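To start, the structure itself, in structure tokens.
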Amino acid sequence: MSLRFNYTKANGAAFRAMMALEEYAGSHVTDKVLYELIKLRASQINGCAYCLDMHAKDMLKLGDHSDRILLLSVWREVPHLYTDKERAVIELTEAVTQISHHGVPDVLYHKVREFVSESEYMDLIMAINTINSWNRIAISTGMFPGCFDAK
């Protein structure tokens, strides 16, 4: 893969709009580990190497989460690694990322709402939508881990 172009330079207004979404989501999902789990799971589903690399490193800066990062794609098989709230939010991340498959079933909505208010639910949706947008930008412009290092 090769970088097609640096989108931050090609269209600064679009980059600033995405950064506004990121700043909103990042300031409203106060559990930073949960925020990184959202980013990692969506990026796994979308196949975004750039974002997986970035957010795995970001999560490691928050503590020793190696097992949680390595086993996130099989989180259902290792429930002891994730809290009940994290498992509900990871499942929500999967549903929203793949919204055309089954939507967000009522049972999942209610499971997540056991842990968050309506306002916090909306903040989670914004975080999931934001990372899905970043993934699509990265993949569409040919970004890969380290692609900006030599630029």
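Ligands are numbered from 1 in the order shown, chains are lettered A, B, ... in the order of the structure tokens, and residues start at 1 in each chain.
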
Exercise. Among chain A, which ones does DSSP place in alpha helix (DSSP H), written as a ChimeraX atom specification?
Worked result: /A:7-10,12-28,32-46,49-60,66-70,84-97,99-102,106-113,118-140

Problem set entry | Polymer residues at most 12 Å from Lys111 (chain A), only C-alpha atoms, same-chain spacing of 5 or more positions, as a list in words | Asp84, Lys85, Glu86, Arg87, Ala88, Val89, Ile90, Glu91, Leu92, Val104, Pro105, Asp106, Val116, Ser117 and Tyr121 of chain A

Exercise. Can you list, as a VMD selection string, every protein, DNA or RNA residue that comes within 9 Å of Ser140 (chain A) when you count only C-alpha atoms, leaving out same-chain residues fewer than 4 positions away?
Worked result: chain A and resid 4 135 to 136

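In terms of minimum interatomic distance to Arg68 (chain A), A:Leu37 ranks closest within A:Val107, A:Tyr24, A:Leu37, A:Ile137, counting only C-alpha atoms.
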
Exercise. Got a sec: who's within 8 Å of Ala49 (chain A), counting only C-alpha atoms, leaving out chain neighbours fewer than 6 positions off, as a PyMOL selection string?
Worked result: chain A and resi 43+144-145

Problem set entry | Given only C-alpha atoms as the counted atoms, nearest of A:Val33, A:Asp149, A:Leu62, A:Tyr50 to Met1 (chain A) | A:Tyr50

For this session: Counting only C-alpha atoms, figure out which residue out of A:Ala56, A:Thr97, A:Asn11, A:Thr141 gets nearest to Tyr35 (chain A).
Result: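 Closest candidate: A:Ala56.
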
Exercise. Taking into account only C-alpha atoms, which residue in the set A:Met143, A:Ser73, A:Met54, A:Thr130 is nearest to Leu21 (chain A)?
Worked result: A:Thr130

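Across A:His101, A:Glu94, A:Glu77, A:Lys32, the tightest approach to Lys61 (chain A) is made by A:Lys32 when counting only C-alpha atoms.
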
Problem set entry | For Trp134 (chain A), the nearest of the candidates A:Val74, A:Ile69, A:Cys48, A:Leu108, counting only C-alpha atoms |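 Closest to Trp134 (chain A), using only C-alpha atoms: A:Cys48.
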
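For the pair CA of Thr83 (chain A) and CA of Leu34 (chain A), the interatomic distance is 9.9 Å.
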
Exercise. Within 9 Å of Glu120 (chain A), counting only C-alpha atoms, which residues qualify if same-chain residues fewer than 6 places away don't, as number ranges by chain?
Worked result: A: 28-29, 113
